[in-house]
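Peer 1: Provided below: target-v7.cif, containing mmCIF, N, CA and C atoms, pLDDT in the B column; chains and numbers go by the auth columns.
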```
data_query
loop_
_atom_site.group_PDB
_atom_site.id
_atom_site.type_symbol
_atom_site.label_atom_id
_atom_site.label_comp_id
_atom_site.label_asym_id
_atom_site.label_seq_id
_atom_site.Cartn_x
_atom_site.Cartn_y
_atom_site.Cartn_z
_atom_site.B_iso_or_equiv
_atom_site.auth_seq_id
_atom_site.auth_asym_id
ATOM 1 N N MET A 1 24.540 -49.810 -48.110 69.00 46 L
ATOM 2 C CA MET A 1 24.983 -48.446 -47.929 69.00 46 L
ATOM 3 C C MET A 1 25.760 -48.291 -46.624 69.00 46 L
ATOM 4 N N GLU A 2 25.288 -48.930 -45.567 83.00 47 L
ATOM 5 C CA GLU A 2 25.973 -48.847 -44.275 83.00 47 L
ATOM 6 C C GLU A 2 27.369 -49.450 -44.360 83.00 47 L
ATOM 7 N N THR A 3 27.499 -50.539 -45.127 86.00 48 L
ATOM 8 C CA THR A 3 28.794 -51.178 -45.310 86.00 48 L
ATOM 9 C C THR A 3 29.768 -50.223 -45.980 86.00 48 L
ATOM 10 N N THR A 4 29.300 -49.481 -46.965 91.00 49 L
ATOM 11 C CA THR A 4 30.144 -48.523 -47.672 91.00 49 L
ATOM 12 C C THR A 4 30.622 -47.432 -46.730 91.00 49 L
ATOM 13 N N LYS A 5 29.732 -46.922 -45.894 93.00 50 L
ATOM 14 C CA LYS A 5 30.108 -45.879 -44.942 93.00 50 L
ATOM 15 C C LYS A 5 31.119 -46.401 -43.936 93.00 50 L
ATOM 16 N N THR A 6 30.895 -47.603 -43.449 95.00 51 L
ATOM 17 C CA THR A 6 31.819 -48.212 -42.491 95.00 51 L
ATOM 18 C C THR A 6 33.180 -48.411 -43.135 95.00 51 L
ATOM 19 N N ARG A 7 33.190 -48.910 -44.347 94.00 52 L
ATOM 20 C CA ARG A 7 34.445 -49.143 -45.066 94.00 52 L
ATOM 21 C C ARG A 7 35.186 -47.827 -45.286 94.00 52 L
ATOM 22 N N GLN A 8 34.471 -46.807 -45.695 96.00 53 L
ATOM 23 C CA GLN A 8 35.092 -45.506 -45.924 96.00 53 L
ATOM 24 C C GLN A 8 35.685 -44.946 -44.635 96.00 53 L
ATOM 25 N N ALA A 9 34.986 -45.105 -43.529 96.00 54 L
ATOM 26 C CA ALA A 9 35.484 -44.627 -42.244 96.00 54 L
ATOM 27 C C ALA A 9 36.744 -45.392 -41.841 96.00 54 L
ATOM 28 N N LEU A 10 36.729 -46.704 -42.046 95.00 55 L
ATOM 29 C CA LEU A 10 37.903 -47.512 -41.729 95.00 55 L
ATOM 30 C C LEU A 10 39.096 -47.115 -42.593 95.00 55 L
ATOM 31 N N LEU A 11 38.865 -46.954 -43.877 95.00 56 L
ATOM 32 C CA LEU A 11 39.954 -46.560 -44.778 95.00 56 L
ATOM 33 C C LEU A 11 40.525 -45.193 -44.409 95.00 56 L
ATOM 34 N N LYS A 12 39.667 -44.275 -44.023 96.00 57 L
ATOM 35 C CA LYS A 12 40.133 -42.951 -43.617 96.00 57 L
ATOM 36 C C LYS A 12 40.995 -43.052 -42.361 96.00 57 L
ATOM 37 N N ALA A 13 40.539 -43.824 -41.381 96.00 58 L
ATOM 38 C CA ALA A 13 41.302 -43.990 -40.138 96.00 58 L
ATOM 39 C C ALA A 13 42.638 -44.673 -40.413 96.00 58 L
ATOM 40 N N ILE A 14 42.626 -45.686 -41.263 94.00 59 L
ATOM 41 C CA ILE A 14 43.863 -46.388 -41.609 94.00 59 L
ATOM 42 C C ILE A 14 44.821 -45.443 -42.323 94.00 59 L
ATOM 43 N N TYR A 15 44.307 -44.686 -43.267 94.00 60 L
ATOM 44 C CA TYR A 15 45.146 -43.762 -44.018 94.00 60 L
ATOM 45 C C TYR A 15 45.795 -42.736 -43.088 94.00 60 L
ATOM 46 N N GLU A 16 45.031 -42.211 -42.140 95.00 61 L
ATOM 47 C CA GLU A 16 45.580 -41.236 -41.194 95.00 61 L
ATOM 48 C C GLU A 16 46.713 -41.843 -40.368 95.00 61 L
ATOM 49 N N GLU A 17 46.541 -43.093 -39.960 94.00 62 L
ATOM 50 C CA GLU A 17 47.592 -43.763 -39.198 94.00 62 L
ATOM 51 C C GLU A 17 48.817 -44.051 -40.077 94.00 62 L
ATOM 52 N N LEU A 18 48.570 -44.471 -41.307 93.00 63 L
ATOM 53 C CA LEU A 18 49.676 -44.767 -42.213 93.00 63 L
ATOM 54 C C LEU A 18 50.506 -43.519 -42.523 93.00 63 L
ATOM 55 N N GLU A 19 49.846 -42.392 -42.604 94.00 64 L
ATOM 56 C CA GLU A 19 50.549 -41.134 -42.871 94.00 64 L
ATOM 57 C C GLU A 19 51.577 -40.821 -41.783 94.00 64 L
ATOM 58 N N GLN A 20 51.333 -41.289 -40.574 95.00 65 L
ATOM 59 C CA GLN A 20 52.214 -40.994 -39.451 95.00 65 L
ATOM 60 C C GLN A 20 53.187 -42.132 -39.138 95.00 65 L
ATOM 61 N N ALA A 21 53.058 -43.247 -39.814 94.00 66 L
ATOM 62 C CA ALA A 21 53.850 -44.436 -39.498 94.00 66 L
ATOM 63 C C ALA A 21 55.259 -44.332 -40.084 94.00 66 L
ATOM 64 N N TYR A 22 56.176 -45.017 -39.421 95.00 67 L
ATOM 65 C CA TYR A 22 57.538 -45.119 -39.926 95.00 67 L
ATOM 66 C C TYR A 22 57.560 -46.060 -41.126 95.00 67 L
ATOM 67 N N GLU A 23 58.580 -45.890 -41.980 94.00 68 L
ATOM 68 C CA GLU A 23 58.667 -46.685 -43.198 94.00 68 L
ATOM 69 C C GLU A 23 58.707 -48.189 -42.918 94.00 68 L
ATOM 70 N N ASP A 24 59.443 -48.605 -41.890 94.00 69 L
ATOM 71 C CA ASP A 24 59.520 -50.042 -41.598 94.00 69 L
ATOM 72 C C ASP A 24 58.161 -50.586 -41.154 94.00 69 L
ATOM 73 N N ASN A 25 57.375 -49.752 -40.489 94.00 70 L
ATOM 74 C CA ASN A 25 56.018 -50.184 -40.117 94.00 70 L
ATOM 75 C C ASN A 25 55.140 -50.335 -41.352 94.00 70 L
ATOM 76 N N LEU A 26 55.317 -49.445 -42.323 94.00 71 L
ATOM 77 C CA LEU A 26 54.556 -49.541 -43.566 94.00 71 L
ATOM 78 C C LEU A 26 54.909 -50.828 -44.301 94.00 71 L
ATOM 79 N N GLU A 27 56.190 -51.175 -44.287 95.00 72 L
ATOM 80 C CA GLU A 27 56.616 -52.423 -44.924 95.00 72 L
ATOM 81 C C GLU A 27 55.997 -53.623 -44.221 95.00 72 L
ATOM 82 N N ASP A 28 55.936 -53.572 -42.889 95.00 73 L
ATOM 83 C CA ASP A 28 55.315 -54.657 -42.121 95.00 73 L
ATOM 84 C C ASP A 28 53.830 -54.793 -42.455 95.00 73 L
ATOM 85 N N VAL A 29 53.138 -53.669 -42.544 94.00 74 L
ATOM 86 C CA VAL A 29 51.705 -53.682 -42.866 94.00 74 L
ATOM 87 C C VAL A 29 51.495 -54.291 -44.247 94.00 74 L
ATOM 88 N N LEU A 30 52.308 -53.883 -45.203 95.00 75 L
ATOM 89 C CA LEU A 30 52.190 -54.413 -46.550 95.00 75 L
ATOM 90 C C LEU A 30 52.426 -55.922 -46.563 95.00 75 L
ATOM 91 N N GLU A 31 53.424 -56.379 -45.840 96.00 76 L
ATOM 92 C CA GLU A 31 53.722 -57.812 -45.781 96.00 76 L
ATOM 93 C C GLU A 31 52.558 -58.582 -45.148 96.00 76 L
ATOM 94 N N LEU A 32 51.986 -58.042 -44.087 95.00 77 L
ATOM 95 C CA LEU A 32 50.838 -58.696 -43.449 95.00 77 L
ATOM 96 C C LEU A 32 49.639 -58.781 -44.385 95.00 77 L
ATOM 97 N N LEU A 33 49.408 -57.717 -45.140 93.00 78 L
ATOM 98 C CA LEU A 33 48.300 -57.738 -46.098 93.00 78 L
ATOM 99 C C LEU A 33 48.534 -58.790 -47.177 93.00 78 L
ATOM 100 N N LYS A 34 49.770 -58.926 -47.630 95.00 79 L
ATOM 101 C CA LYS A 34 50.085 -59.939 -48.639 95.00 79 L
ATOM 102 C C LYS A 34 49.903 -61.341 -48.076 95.00 79 L
ATOM 103 N N ILE A 35 50.322 -61.548 -46.840 94.00 80 L
ATOM 104 C CA ILE A 35 50.158 -62.852 -46.192 94.00 80 L
ATOM 105 C C ILE A 35 48.673 -63.187 -46.074 94.00 80 L
ATOM 106 N N ARG A 36 47.892 -62.238 -45.614 94.00 81 L
ATOM 107 C CA ARG A 36 46.449 -62.451 -45.445 94.00 81 L
ATOM 108 C C ARG A 36 45.782 -62.789 -46.768 94.00 81 L
ATOM 109 N N LYS A 37 46.170 -62.064 -47.827 93.00 82 L
ATOM 110 C CA LYS A 37 45.603 -62.318 -49.148 93.00 82 L
ATOM 111 C C LYS A 37 45.953 -63.731 -49.611 93.00 82 L
ATOM 112 N N SER A 38 47.184 -64.122 -49.397 92.00 83 L
ATOM 113 C CA SER A 38 47.629 -65.459 -49.785 92.00 83 L
ATOM 114 C C SER A 38 46.855 -66.534 -49.024 92.00 83 L
ATOM 115 N N GLU A 39 46.656 -66.332 -47.731 92.00 84 L
ATOM 116 C CA GLU A 39 45.894 -67.292 -46.926 92.00 84 L
ATOM 117 C C GLU A 39 44.453 -67.379 -47.404 92.00 84 L
ATOM 118 N N ASP A 40 43.856 -66.232 -47.707 91.00 85 L
ATOM 119 C CA ASP A 40 42.474 -66.214 -48.197 91.00 85 L
ATOM 120 C C ASP A 40 42.362 -66.951 -49.528 91.00 85 L
ATOM 121 N N GLU A 41 43.318 -66.714 -50.419 92.00 86 L
ATOM 122 C CA GLU A 41 43.301 -67.400 -51.714 92.00 86 L
ATOM 123 C C GLU A 41 43.438 -68.905 -51.527 92.00 86 L
ATOM 124 N N GLY A 42 44.290 -69.319 -50.586 89.00 87 L
ATOM 125 C CA GLY A 42 44.449 -70.744 -50.296 89.00 87 L
ATOM 126 C C GLY A 42 43.171 -71.350 -49.755 89.00 87 L
ATOM 127 N N ASP A 43 42.510 -70.626 -48.867 85.00 88 L
ATOM 128 C CA ASP A 43 41.237 -71.102 -48.320 85.00 88 L
ATOM 129 C C ASP A 43 40.195 -71.271 -49.420 85.00 88 L
ATOM 130 N N ILE A 44 40.139 -70.313 -50.328 88.00 89 L
ATOM 131 C CA ILE A 44 39.174 -70.384 -51.428 88.00 89 L
ATOM 132 C C ILE A 44 39.471 -71.580 -52.320 88.00 89 L
ATOM 133 N N ARG A 45 40.755 -71.807 -52.628 87.00 90 L
ATOM 134 C CA ARG A 45 41.127 -72.977 -53.438 87.00 90 L
ATOM 135 C C ARG A 45 40.733 -74.268 -52.736 87.00 90 L
ATOM 136 N N ASP A 46 40.982 -74.330 -51.418 82.00 91 L
ATOM 137 C CA ASP A 46 40.633 -75.530 -50.653 82.00 91 L
ATOM 138 C C ASP A 46 39.129 -75.785 -50.669 82.00 91 L
ATOM 139 N N ILE A 47 38.350 -74.737 -50.547 82.00 92 L
ATOM 140 C CA ILE A 47 36.885 -74.881 -50.554 82.00 92 L
ATOM 141 C C ILE A 47 36.412 -75.392 -51.906 82.00 92 L
ATOM 142 N N HIS A 48 36.947 -74.820 -52.971 83.00 93 L
ATOM 143 C CA HIS A 48 36.549 -75.280 -54.311 83.00 93 L
ATOM 144 C C HIS A 48 36.962 -76.733 -54.528 83.00 93 L
ATOM 145 N N ALA A 49 38.156 -77.084 -54.093 81.00 94 L
ATOM 146 C CA ALA A 49 38.623 -78.464 -54.249 81.00 94 L
ATOM 147 C C ALA A 49 37.738 -79.421 -53.450 81.00 94 L
ATOM 148 N N ALA A 50 37.377 -79.005 -52.247 76.00 95 L
ATOM 149 C CA ALA A 50 36.549 -79.872 -51.397 76.00 95 L
ATOM 150 C C ALA A 50 35.156 -80.056 -51.986 76.00 95 L
ATOM 151 N N LYS A 51 34.617 -79.017 -52.582 76.00 96 L
ATOM 152 C CA LYS A 51 33.291 -79.136 -53.193 76.00 96 L
ATOM 153 C C LYS A 51 33.308 -80.135 -54.346 76.00 96 L
ATOM 154 N N ASN A 52 34.446 -80.225 -55.019 77.00 97 L
ATOM 155 C CA ASN A 52 34.559 -81.121 -56.170 77.00 97 L
ATOM 156 C C ASN A 52 35.066 -82.508 -55.784 77.00 97 L
ATOM 157 N N ASP A 53 35.435 -82.694 -54.531 72.00 98 L
ATOM 158 C CA ASP A 53 35.952 -83.988 -54.066 72.00 98 L
ATOM 159 C C ASP A 53 34.775 -84.826 -53.577 72.00 98 L
ATOM 160 N N THR A 54 34.479 -85.880 -54.287 73.00 99 L
ATOM 161 C CA THR A 54 33.315 -86.696 -53.939 73.00 99 L
ATOM 162 C C THR A 54 33.624 -87.756 -52.887 73.00 99 L
ATOM 163 N N THR A 55 34.883 -87.816 -52.419 78.00 100 L
ATOM 164 C CA THR A 55 35.237 -88.833 -51.427 78.00 100 L
ATOM 165 C C THR A 55 34.832 -88.428 -50.020 78.00 100 L
ATOM 166 N N ILE A 56 34.587 -87.121 -49.801 75.00 101 L
ATOM 167 C CA ILE A 56 34.110 -86.667 -48.493 75.00 101 L
ATOM 168 C C ILE A 56 32.856 -85.829 -48.695 75.00 101 L
ATOM 169 N N SER A 57 32.027 -85.776 -47.684 75.00 102 L
ATOM 170 C CA SER A 57 30.790 -85.003 -47.798 75.00 102 L
ATOM 171 C C SER A 57 31.089 -83.516 -47.604 75.00 102 L
ATOM 172 N N TRP A 58 30.228 -82.697 -48.155 73.00 103 L
ATOM 173 C CA TRP A 58 30.372 -81.251 -47.998 73.00 103 L
ATOM 174 C C TRP A 58 30.263 -80.865 -46.519 73.00 103 L
ATOM 175 N N GLU A 59 29.404 -81.542 -45.785 80.00 104 L
ATOM 176 C CA GLU A 59 29.257 -81.272 -44.351 80.00 104 L
ATOM 177 C C GLU A 59 30.568 -81.548 -43.619 80.00 104 L
ATOM 178 N N GLN A 60 31.240 -82.638 -43.955 78.00 105 L
ATOM 179 C CA GLN A 60 32.514 -82.965 -43.321 78.00 105 L
ATOM 180 C C GLN A 60 33.563 -81.911 -43.674 78.00 105 L
ATOM 181 N N CYS A 61 33.566 -81.478 -44.889 72.00 106 L
ATOM 182 C CA CYS A 61 34.508 -80.445 -45.329 72.00 106 L
ATOM 183 C C CYS A 61 34.281 -79.142 -44.551 72.00 106 L
ATOM 184 N N LYS A 62 33.042 -78.745 -44.386 76.00 107 L
ATOM 185 C CA LYS A 62 32.737 -77.515 -43.652 76.00 107 L
ATOM 186 C C LYS A 62 33.209 -77.631 -42.215 76.00 107 L
ATOM 187 N N ARG A 63 33.029 -78.804 -41.604 81.00 108 L
ATOM 188 C CA ARG A 63 33.478 -78.994 -40.211 81.00 108 L
ATOM 189 C C ARG A 63 34.997 -78.872 -40.125 81.00 108 L
ATOM 190 N N GLU A 64 35.708 -79.431 -41.075 75.00 109 L
ATOM 191 C CA GLU A 64 37.171 -79.443 -41.037 75.00 109 L
ATOM 192 C C GLU A 64 37.770 -78.076 -41.311 75.00 109 L
ATOM 193 N N THR A 65 37.098 -77.247 -42.089 71.00 110 L
ATOM 194 C CA THR A 65 37.629 -75.939 -42.411 71.00 110 L
ATOM 195 C C THR A 65 37.157 -74.848 -41.467 71.00 110 L
ATOM 196 N N ALA A 66 36.239 -75.166 -40.575 68.00 111 L
ATOM 197 C CA ALA A 66 35.711 -74.164 -39.641 68.00 111 L
ATOM 198 C C ALA A 66 36.676 -73.898 -38.507 68.00 111 L
#
```
Kindly transcribe the structure held in the file into structure tokens.
Peer 2:
Amino acid sequence: METTKTRQALLKAIYEELEQAYEDNLEDVLELLKIRKSEDEGDIRDIHAAKNDTTISWEQCKRETA
């Protein structure tokens, strides 16, 4: 429940700032969000691949991705 309240507060604050932002800043924010999403998806793929790779230990994989 606390996470939901925190998230809602963050979204409200972000929305208020976005309402006042210039269009080029909005485009920059959108691009950054897309980049972050792409990086996260890549990290998830790497983790799944590493879990299925029997040539290295899971412990070694965790150290390398940390």
Peer 1: So the first atom is atom CA of L:Thr110 and the second is atom CA of L:Ala95; what is the distance between them in Å, to one decimal place?
Peer 2: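 Going from atom CA of L:Thr110 over to atom CA of L:Ala95 covers 9.9 Å.
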Peer 1: Edge lengths and centre in Å to one decimal, as JSON, is what I'm after for the box along x, y and z that holds all listed atoms of stretch 97-106 of chain L once 4 Å is added on each side.
Peer 2:
```
{"center_x": 32.6, "center_y": -84.0, "center_z": -49.7, "size_x": 14.7, "size_y": 17.7, "size_z": 20.8}
```
Peer 1: Rounded to one decimal place, report the atom CA of L:Thr99-atom CA of L:Asp85 distance in Å.
Peer 2: 23.2 Å
